[in-house]
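Peer 1: I am sharing run-v5.txt, which consists of compact mmCIF, C-alpha atoms:
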# COMPACT_ATOMS: atom_id res chain seq x y z
CA MET A 10 64.33 73.22 116.34
CA GLU A 11 64.53 77.01 116.29
CA LYS A 12 67.38 78.25 114.12
CA ILE A 13 70.19 80.38 115.53
CA ARG A 14 70.38 83.75 113.75
CA ILE A 15 73.92 84.97 113.05
CA ASN A 16 74.97 88.36 111.71
CA MET A 17 78.39 88.18 110.02
CA LEU A 18 80.14 91.56 110.19
CA SER A 19 83.03 92.15 107.81
CA GLN A 20 84.72 94.58 105.46
CA ALA A 21 87.41 92.04 104.54
CA THR A 22 86.37 91.81 100.88
CA SER A 23 86.62 95.59 100.34
CA VAL A 24 90.39 95.32 99.70
CA ASP A 25 91.55 92.86 97.03
CA GLY A 26 94.40 90.43 97.63
CA GLN A 27 93.84 89.74 101.33
CA GLY A 28 93.73 86.25 102.78
CA VAL A 29 91.26 87.48 105.41
CA GLY A 30 88.77 88.21 102.64
CA SER A 31 89.15 84.70 101.23
CA ALA A 32 88.71 83.17 104.68
CA PHE A 33 85.58 85.26 105.30
CA LEU A 34 83.89 84.18 102.07
CA GLU A 35 84.69 80.52 102.73
CA GLN A 36 83.52 80.59 106.35
CA VAL A 37 80.23 82.32 105.59
CA ALA A 38 79.47 79.97 102.69
CA LEU A 39 80.24 77.00 104.92
CA VAL A 40 77.97 78.13 107.77
CA LYS A 41 75.18 78.92 105.30
CA GLU A 42 75.27 75.28 104.23
CA CYS A 43 74.13 74.36 107.77
CA GLU A 44 70.66 75.70 107.00
CA ASP A 45 69.05 73.21 109.37
CA LEU A 46 70.75 75.00 112.30
CA PHE A 47 71.58 78.56 111.27
CA GLU A 48 70.11 81.61 109.57
CA VAL A 49 72.97 83.79 108.32
CA ALA A 50 73.05 87.46 107.30
CA ILE A 51 75.97 89.66 106.27
CA ASN A 52 76.32 93.19 107.67
CA SER A 53 72.62 93.41 108.48
CA LYS A 54 71.39 96.58 110.23
CA SER A 55 68.74 94.60 112.12
CA SER A 56 69.16 93.94 115.83
CA LYS A 57 67.27 90.63 115.72
CA PHE A 58 70.20 88.24 115.95
CA ASP A 59 71.36 85.75 118.55
CA ILE A 60 75.05 86.07 117.63
CA TYR A 61 77.07 88.91 116.16
CA HIS A 62 80.23 87.51 114.60
CA MET A 63 82.73 90.29 113.87
CA HIS A 64 85.32 89.31 111.27
CA THR A 65 87.08 92.71 110.96
CA VAL A 66 87.67 95.26 113.72
CA ASN A 67 85.67 98.15 112.27
CA PRO A 68 84.48 100.66 114.94
CA SER A 69 80.90 100.46 113.61
CA TYR A 70 80.88 96.71 114.33
CA ARG A 71 82.38 97.08 117.77
CA MET A 72 79.69 99.62 118.68
CA ARG A 73 77.05 96.95 118.02
CA PHE A 74 78.43 94.65 120.72
CA ASN A 75 75.88 94.61 123.57
CA LYS A 76 74.28 92.44 126.26
CA HIS A 77 71.38 91.27 124.11
CA HIS A 78 73.35 88.83 121.94
CA VAL A 79 76.58 86.84 122.01
CA ASN A 80 79.48 88.92 120.68
CA VAL A 81 82.07 86.85 118.80
CA ALA A 82 85.32 88.35 117.49
CA TYR A 83 87.33 86.55 114.84
CA VAL A 84 91.03 87.13 115.51
CA HIS A 85 93.05 87.03 112.29
CA PHE A 86 95.90 89.03 113.84
CA ILE A 87 97.21 90.22 117.16
CA PRO A 88 98.76 93.69 117.57
CA SER A 89 102.35 92.43 117.43
CA THR A 90 101.74 90.88 113.98
CA LEU A 91 100.94 94.29 112.51
CA ASP A 92 104.63 95.25 112.59
CA GLY A 93 106.05 94.83 109.09
CA SER A 94 102.61 94.92 107.47
CA ILE A 95 101.45 98.52 107.54
CA LYS A 96 103.26 101.77 108.14
CA MET A 97 101.63 104.54 110.19
CA PRO A 98 102.91 107.47 112.25
CA ARG A 99 103.95 105.98 115.59
CA PRO A 100 101.27 107.69 117.76
CA ILE A 101 98.48 106.59 115.38
CA PHE A 102 99.88 103.05 115.22
CA TRP A 103 99.96 102.94 119.05
CA ILE A 104 96.35 104.11 119.26
CA PHE A 105 95.27 101.54 116.66
CA LYS A 106 96.95 98.70 118.57
CA LYS A 107 95.24 99.81 121.79
CA TYR A 108 91.92 99.92 119.97
CA VAL A 109 92.40 96.36 118.66
CA ILE A 110 93.25 95.06 122.14
CA ASN A 111 90.21 96.73 123.69
CA THR A 112 87.97 95.39 120.92
CA TYR A 113 89.08 91.82 121.60
CA ARG A 114 88.54 92.33 125.33
CA LYS A 115 85.01 93.60 124.73
CA ALA A 116 83.98 90.42 122.88
CA ASP A 117 82.31 87.59 124.76
CA GLU A 118 84.00 84.93 122.67
CA ILE A 119 87.16 84.84 120.56
CA VAL A 120 87.78 82.57 117.59
CA VAL A 121 91.43 82.27 116.53
CA VAL A 122 92.56 80.89 113.19
CA ASN A 123 96.04 80.39 114.56
CA PRO A 124 96.66 78.41 117.80
CA THR A 125 99.82 80.41 118.55
CA PHE A 126 97.58 83.46 119.18
CA ILE A 127 96.08 81.92 122.33
CA PRO A 128 98.95 82.64 124.82
CA PRO A 129 99.35 86.30 123.72
CA LEU A 130 95.59 86.82 124.02
CA GLU A 131 95.68 85.37 127.53
CA GLU A 132 98.45 87.85 128.36
CA LEU A 133 96.08 90.61 127.23
CA GLY A 134 93.63 89.49 129.91
CA ILE A 135 91.30 87.33 127.82
CA SER A 136 90.17 84.12 129.51
CA LYS A 137 91.29 80.95 127.78
CA GLU A 138 87.84 79.42 128.30
CA ASN A 139 86.45 82.07 125.94
CA ILE A 140 88.96 81.36 123.16
CA THR A 141 88.36 78.69 120.52
CA TYR A 142 90.72 77.61 117.75
CA ILE A 143 88.92 76.87 114.49
CA PRO A 144 91.12 76.50 111.40
CA ASN A 145 90.42 77.97 108.00
CA PHE A 146 89.65 75.59 105.18
CA VAL A 147 89.58 75.56 101.40
CA ASP A 148 86.81 74.28 99.15
CA HIS A 149 88.26 71.61 96.85
CA GLU A 150 85.68 72.47 94.22
CA LYS A 151 87.34 75.86 93.83
CA PHE A 152 90.97 74.79 94.27
CA HIS A 153 92.00 71.60 92.51
CA LEU A 154 94.31 70.07 89.92
CA ILE A 155 93.81 71.19 86.31
CA SER A 156 94.85 69.59 83.01
CA SER A 157 98.27 70.09 81.44
CA GLU A 158 96.53 71.82 78.49
CA GLU A 159 94.97 74.40 80.81
CA ARG A 160 98.29 74.83 82.60
CA ASN A 161 100.15 75.46 79.36
CA ALA A 162 97.52 77.94 78.18
CA LEU A 163 98.10 79.95 81.34
CA ARG A 164 101.85 79.88 80.80
CA ASP A 165 101.25 81.20 77.30
CA LYS A 166 99.16 84.02 78.74
CA TYR A 167 102.02 85.09 81.02
CA GLU A 168 104.69 84.42 78.36
CA ILE A 169 106.34 81.59 80.29
CA PRO A 170 107.89 78.66 78.35
CA HIS A 171 106.17 75.32 78.99
CA ASP A 172 109.43 73.64 79.99
CA LYS A 173 110.60 76.21 82.54
CA PHE A 174 110.58 75.48 86.29
CA VAL A 175 108.22 78.09 87.75
CA VAL A 176 108.50 79.28 91.37
CA LEU A 177 105.40 81.08 92.62
CA GLY A 178 105.18 83.57 95.45
CA CYS A 179 101.88 85.18 96.42
CA GLY A 180 100.38 87.64 98.83
CA GLN A 181 100.52 91.34 99.46
CA VAL A 182 103.82 92.92 98.43
CA GLN A 183 105.17 93.98 101.83
CA THR A 184 108.27 93.51 103.95
CA ARG A 185 106.63 90.86 106.16
CA LYS A 186 106.00 88.59 103.18
CA GLY A 187 109.75 88.17 102.56
CA VAL A 188 109.66 89.65 99.05
CA LEU A 189 113.29 90.83 99.29
CA ASP A 190 114.52 87.28 100.00
CA TYR A 191 112.27 85.94 97.24
CA VAL A 192 113.89 88.25 94.69
CA GLU A 193 117.39 87.43 95.94
CA VAL A 194 116.74 83.69 95.50
CA ALA A 195 115.46 84.43 92.00
CA LYS A 196 118.72 86.20 91.15
CA ARG A 197 120.60 83.02 92.12
CA ASN A 198 118.41 80.91 89.82
CA PRO A 199 118.39 82.66 86.43
CA ASP A 200 117.38 79.42 84.66
CA LYS A 201 114.01 79.42 86.46
CA VAL A 202 111.02 81.78 86.28
CA PHE A 203 109.81 83.44 89.48
CA VAL A 204 106.24 84.76 89.49
CA TRP A 205 104.73 86.87 92.29
CA ALA A 206 100.94 87.20 92.42
CA GLY A 207 99.90 90.14 94.58
CA GLY A 208 100.40 93.84 94.96
CA PHE A 209 100.17 96.82 97.29
CA SER A 210 96.71 96.29 98.77
CA PHE A 211 97.28 99.24 101.12
CA GLY A 212 99.24 101.45 98.72
CA LYS A 213 101.89 103.73 100.20
CA MET A 214 100.92 102.69 103.74
CA THR A 215 102.60 99.34 103.03
CA ASP A 216 105.74 98.74 105.08
CA GLY A 217 108.80 99.01 102.80
CA TYR A 218 106.75 100.52 99.97
CA LYS A 219 109.48 102.65 98.38
CA GLU A 220 112.10 99.87 98.21
CA LEU A 221 109.62 97.23 97.05
CA LYS A 222 108.07 99.54 94.44
CA ALA A 223 111.52 100.13 92.96
CA ILE A 224 112.04 96.35 92.63
CA MET A 225 108.61 95.85 91.05
CA ASP A 226 109.28 98.60 88.53
CA ASN A 227 112.62 97.11 87.56
CA PRO A 228 112.70 93.39 88.47
CA PRO A 229 115.39 90.85 87.49
CA GLU A 230 114.81 89.36 84.02
CA ASN A 231 113.46 86.08 85.41
CA VAL A 232 110.99 87.70 87.85
CA LYS A 233 107.40 88.61 86.95
CA PHE A 234 105.14 90.63 89.25
CA ILE A 235 101.68 89.91 87.85
CA GLY A 236 99.71 92.04 90.29
CA ILE A 237 96.63 91.27 92.34
CA ILE A 238 94.80 88.32 90.81
CA PRO A 239 91.05 87.81 91.43
CA ARG A 240 90.54 84.87 93.74
CA ALA A 241 88.48 83.06 91.11
CA GLU A 242 91.60 82.93 88.92
CA MET A 243 94.11 81.86 91.58
CA ASN A 244 93.54 78.13 91.13
CA GLY A 245 95.03 78.42 87.66
CA ILE A 246 97.98 80.43 88.94
CA PHE A 247 98.77 77.79 91.58
CA ASN A 248 98.58 75.06 88.94
CA MET A 249 100.74 77.02 86.52
CA ALA A 250 103.66 76.83 88.96
CA ASP A 251 105.95 73.93 89.89
CA LEU A 252 106.67 75.18 93.42
CA LEU A 253 105.06 77.56 95.90
CA PHE A 254 107.78 79.56 97.69
CA MET A 255 106.57 81.70 100.61
CA PRO A 256 109.48 83.22 102.59
CA SER A 257 107.23 85.22 104.95
CA LEU A 258 108.92 86.53 108.08
CA SER A 259 105.68 86.06 110.01
CA GLU A 260 102.24 84.73 109.16
CA LEU A 261 98.74 84.86 110.58
CA PHE A 262 97.03 81.90 108.93
CA PRO A 263 98.33 81.13 105.43
CA MET A 264 95.21 80.83 103.25
CA SER A 265 97.33 80.96 100.10
CA ILE A 266 99.22 77.86 101.25
CA LEU A 267 96.00 75.97 101.97
CA GLU A 268 94.74 76.93 98.52
CA ALA A 269 97.99 76.10 96.72
CA VAL A 270 98.41 72.59 98.15
CA ASN A 271 95.31 71.46 96.26
CA SER A 272 97.39 71.52 93.09
CA PHE A 273 99.71 68.98 94.84
CA LYS A 274 102.87 71.01 94.16
CA PRO A 275 105.63 71.20 96.80
CA VAL A 276 105.67 74.11 99.22
CA LEU A 277 108.84 75.87 100.40
CA LEU A 278 108.46 78.03 103.51
CA ARG A 279 110.49 79.92 106.05
CA ASP A 280 111.04 77.90 109.23
CA LEU A 281 108.34 79.49 111.43
CA ASP A 282 106.91 78.08 114.65
CA LEU A 283 103.37 78.53 113.34
CA TYR A 284 103.87 76.04 110.53
CA GLU A 285 105.02 73.34 112.95
CA GLU A 286 101.59 73.43 114.58
CA ILE A 287 99.36 73.63 111.52
CA LEU A 288 101.29 72.13 108.58
CA PHE A 289 102.74 68.88 109.95
CA LYS A 290 106.45 69.62 110.08
CA ASP A 291 106.95 66.33 111.94
CA LYS A 292 105.58 64.48 108.92
CA GLU A 293 107.76 66.49 106.52
CA ALA A 294 104.77 67.83 104.62
CA TYR A 295 106.67 70.89 103.40
CA SER A 296 110.22 72.00 102.63
CA TYR A 297 111.73 74.88 104.59
CA GLY A 298 114.75 77.11 105.10
CA LYS A 299 115.93 79.83 107.45
CA ASN A 300 117.66 82.22 105.06
CA VAL A 301 118.46 82.95 101.42
CA ASP A 302 121.23 80.34 101.24
CA GLU A 303 118.94 77.57 102.51
CA PHE A 304 116.05 78.69 100.30
CA ASP A 305 118.35 78.65 97.28
CA GLU A 306 119.55 75.14 98.16
CA GLN A 307 115.96 73.89 98.46
CA VAL A 308 114.83 75.45 95.19
CA LYS A 309 117.72 73.86 93.32
CA LYS A 310 117.11 70.44 94.88
CA LEU A 311 113.36 70.50 94.25
CA ALA A 312 113.98 71.44 90.63
CA SER A 313 116.60 68.73 90.00
CA ASP A 314 115.74 65.76 92.25
CA LYS A 315 112.52 63.98 91.14
CA LYS A 316 112.23 61.82 94.27
CA TYR A 317 112.68 64.84 96.52
CA TYR A 318 110.06 66.73 94.51
CA GLU A 319 107.58 63.85 94.73
CA LYS A 320 108.09 63.58 98.49
CA TYR A 321 106.89 67.14 99.02
CA SER A 322 104.14 66.80 96.41
CA GLN A 323 102.73 64.08 98.68
CA GLY A 324 103.23 66.40 101.64
CA SER A 325 100.97 68.97 99.97
CA LYS A 326 98.33 66.30 99.51
CA LEU A 327 98.51 65.52 103.23
CA ILE A 328 97.86 69.17 104.11
CA SER A 329 95.05 69.36 101.55
CA ASP A 330 93.29 66.32 102.99
CA PHE A 331 93.45 67.58 106.59
CA TYR A 332 91.85 70.98 105.94
CA SER A 333 88.73 69.45 104.47
CA LYS A 334 85.45 71.27 104.25
CA GLU A 335 83.41 68.64 106.14
CA HIS A 336 85.79 68.54 109.11
CA VAL A 337 85.67 72.31 109.65
CA LYS A 338 81.91 72.46 109.00
CA ASN A 339 81.31 70.07 111.89
CA ILE A 340 83.35 72.31 114.20
CA TRP A 341 81.13 75.32 113.37
CA ARG A 342 77.97 73.24 113.82
CA GLU A 343 79.08 72.56 117.39
CA TYR A 344 80.51 76.02 118.11
CA TYR A 345 77.59 78.42 117.67
CA PRO A 346 75.01 76.39 119.69
CA ARG A 347 77.59 75.88 122.44
CA VAL A 348 78.46 79.56 122.92
CA LEU A 349 74.81 80.65 122.69
CA LYS A 350 73.83 78.20 125.42
CA LYS A 351 76.84 79.25 127.50
CA TRP A 352 75.95 82.97 127.44
CA GLU A 353 72.16 82.71 127.63
CA GLY A 354 72.51 82.19 131.37
CA LYS A 355 74.90 85.12 131.82
CA LYS A 356 73.37 87.86 129.64
CA LYS A 357 69.96 89.35 128.88
CA ILE A 358 69.85 87.68 125.49
CA LYS A 359 66.58 88.26 123.66
CA LYS A 360 66.13 85.18 121.52
CA ALA A 361 65.70 86.29 117.92
CA LYS A 362 62.28 85.64 116.40
Would you mind writing the structure in this file as structure tokens?
Peer 2:
Amino acid sequence: MEKIRINMLSQATSVDGQGVGSAFLEQVALVKECEDLFEVAINSKSSKFDIYHMHTVNPSYRMRFNKHHVNVAYVHFIPSTLDGSIKMPRPIFWIFKKYVINTYRKADEIVVVNPTFIPPLEELGISKENITYIPNFVDHEKFHLISSEERNALRDKYEIPHDKFVVLGCGQVQTRKGVLDYVEVAKRNPDKVFVWAGGFSFGKMTDGYKELKAIMDNPPENVKFIGIIPRAEMNGIFNMADLLFMPSLSELFPMSILEAVNSFKPVLLRDLDLYEEILFKDKEAYSYGKNVDEFDEQVKKLASDKKYYEKYSQGSKLISDFYSKEHVKNIWREYYPRVLKKWEGKKKIKKAK
């Protein structure tokens, strides 16, 4: 059988601390494992590909969309989700949003990592039959439980007592991530240590930069901002904590949550519609709250009630098991041949040799 040649187009790894970069590396590695079906290149200048899969909306990638191959766009965000993430002059922000919309419309096929993106994309004029939901996944060889000795060594590194209850937050430091609520909950729990892994990936363009920078420069005594951590080291950071607390006001697809659950620690989240669809709210796989008071209540209960803590530890295991590598690999094995066959009859596709 002739292999399908795929050119993966992305700049997601050029900025540290982004979940999109993590998702890109995982997806490419996964598809490369299907070497019986696919030949995969990254940012190749060659035109000899059957499928161009654009992971980030760079103009240079969009310009390579044409009628001689299947053009796939990975949608990690929709224009409305940019609010609260980056700060630009209003006219430039408007132009950027228009550009993103037009880029998605130009693609033959859309892959969404978040099922809640499908209705808004339809409203933008994109046919539902050209949209496919394929979840992210996490490799359990990279994210897994570590020994108590390794955990304690990490706590020593960050000057955290072994017996303290540690609440971890992670992601870019920006308004959308709920950092202000995170710090307020920390103030109400001075007996616990709150650690935030992440920083200003986009510098002063970050929404809320001035206020958040002031907090980072002078945090409460029990709060540690440890900066952007290389992904290879994040497994240890997740294991070092007792609880992952992510009070994001909106999310795209929470790679950090999928990574963290492999340490089987409870997860506390804001009550967002997205999580109901992808994280099994009906099975009580995670704890949640709507505001600072409810977050504070949950943190205190998780730290003091062993049965309650164990319940949500098992919930993390449920999430971990569902987003398995093999399950998602099988979806990609079906996806690329299907869309190539679909568009071969509609376009002047020159089969790559």
Peer 1: Smallest atom-to-atom distance to Lys213 (chain A): which of A:Phe126, A:Val182, A:Ser19, A:Val276, using only C-alpha atoms?
Peer 2: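 Using only C-alpha atoms, Lys213 (chain A) sits closest to A:Val182.
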Peer 1: Suppose you want the space between CA of Tyr318 (chain A) and CA of Pro275 (chain A); what is it in Å?
Peer 2: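 Computing the Euclidean distance for CA of Tyr318 (chain A) and CA of Pro275 (chain A) yields 6.7 Å.
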Peer 1: Nearest to Ile238 (chain A) among A:Gln181, A:Tyr284, A:Phe102, A:Phe273, with distances taken over only C-alpha atoms: which residue is it?
Peer 2: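 Answer, going by the shortest atom-to-atom distance: A:Gln181.
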Peer 1: Could you pull the residues within 12 Å of Ile135 (chain A), counting all atoms listed in the file, minus those fewer than 3 positions along the same chain, as a VMD selection string?
Peer 2: chain A and resid 82 110 to 120 126 to 132 138 to 141
Peer 1: Mind checking which residues fall within 12 Å of Pro170 (chain A), counting only C-alpha atoms, ignoring those fewer than 2 positions away in the same chain, and posting them as a PyMOL selection string?
Peer 2: chain A and resi 160-168+172-175+200-202+231+249-250
Peer 1: What's the 12 Å shell around Phe58 (chain A), counting all atoms listed in the file, without same-chain residues fewer than 2 positions away, as a VMD selection string?
Peer 2: chain A and resid 12 to 18 47 to 56 60 to 62 73 to 80 349 358 to 362
Peer 1: As a ChimeraX atom specification, please: the residues near Ala269 (chain A) (cut-off 12 Å, all atoms listed in the file, same-chain neighbours under 4 positions excluded).
Peer 2: /A:146-149,151-154,177-180,240,243-255,263-265,273-277,322,325-326,328-329
Peer 1: Output C-alpha atoms for every residue in the selection just made, as a compact mmCIF listing (two decimals), in the frame of the given file.
Peer 2:
# COMPACT_ATOMS: atom_id res chain seq x y z
CA PHE A 146 89.65 75.59 105.18
CA VAL A 147 89.58 75.56 101.40
CA ASP A 148 86.81 74.28 99.15
CA HIS A 149 88.26 71.61 96.85
CA LYS A 151 87.34 75.86 93.83
CA PHE A 152 90.97 74.79 94.27
CA HIS A 153 92.00 71.60 92.51
CA LEU A 154 94.31 70.07 89.92
CA LEU A 177 105.40 81.08 92.62
CA GLY A 178 105.18 83.57 95.45
CA CYS A 179 101.88 85.18 96.42
CA GLY A 180 100.38 87.64 98.83
CA ARG A 240 90.54 84.87 93.74
CA MET A 243 94.11 81.86 91.58
CA ASN A 244 93.54 78.13 91.13
CA GLY A 245 95.03 78.42 87.66
CA ILE A 246 97.98 80.43 88.94
CA PHE A 247 98.77 77.79 91.58
CA ASN A 248 98.58 75.06 88.94
CA MET A 249 100.74 77.02 86.52
CA ALA A 250 103.66 76.83 88.96
CA ASP A 251 105.95 73.93 89.89
CA LEU A 252 106.67 75.18 93.42
CA LEU A 253 105.06 77.56 95.90
CA PHE A 254 107.78 79.56 97.69
CA MET A 255 106.57 81.70 100.61
CA PRO A 263 98.33 81.13 105.43
CA MET A 264 95.21 80.83 103.25
CA SER A 265 97.33 80.96 100.10
CA PHE A 273 99.71 68.98 94.84
CA LYS A 274 102.87 71.01 94.16
CA PRO A 275 105.63 71.20 96.80
CA VAL A 276 105.67 74.11 99.22
CA LEU A 277 108.84 75.87 100.40
CA SER A 322 104.14 66.80 96.41
CA SER A 325 100.97 68.97 99.97
CA LYS A 326 98.33 66.30 99.51
CA ILE A 328 97.86 69.17 104.11
CA SER A 329 95.05 69.36 101.55
Peer 1: Go through A:Trp103, A:Tyr218, A:Trp341, A:Phe289 and flag the residue nearest Tyr321 (chain A), using all atoms listed in the file for the distances.
Peer 2: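 Comparing A:Trp103, A:Tyr218, A:Trp341, A:Phe289 against Tyr321 (chain A), the winner is A:Phe289.
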Peer 1: Quick one: of A:Gly30, A:Pro228, A:Gly298, A:Pro98, who's nearest to Glu193 (chain A), counting all atoms listed in the file?
Peer 2: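 Selected residue with least distance to Glu193 (chain A): A:Pro228.
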Peer 1: May I ask which of the residues A:Tyr297, A:Ala38, A:Leu133, A:Glu44 is the closest one to Lys310 (chain A), counting all atoms listed in the file?
Peer 2: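 Among the listed residues, A:Tyr297 lies closest to Lys310 (chain A).
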Peer 1: Between CA of Glu220 (chain A) and CA of Arg197 (chain A), what is the distance, to one decimal in Å?
Peer 2: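 Separation between CA of Glu220 (chain A) and CA of Arg197 (chain A): 19.8 Å.
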Peer 1: Of the candidates A:Val204, A:Val66, A:Met225, A:Ile287, which one gets nearest to Pro124 (chain A) if we count only C-alpha atoms?
Peer 2: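 The answer is A:Ile287, which sits nearest to Pro124 (chain A).
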Peer 1: Just give me the gap between CA of Val337 (chain A) and CA of Ala32 (chain A) in Å, one decimal is fine.
Peer 2: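 According to the coordinates, CA of Val337 (chain A) and CA of Ala32 (chain A) are separated by 12.3 Å.
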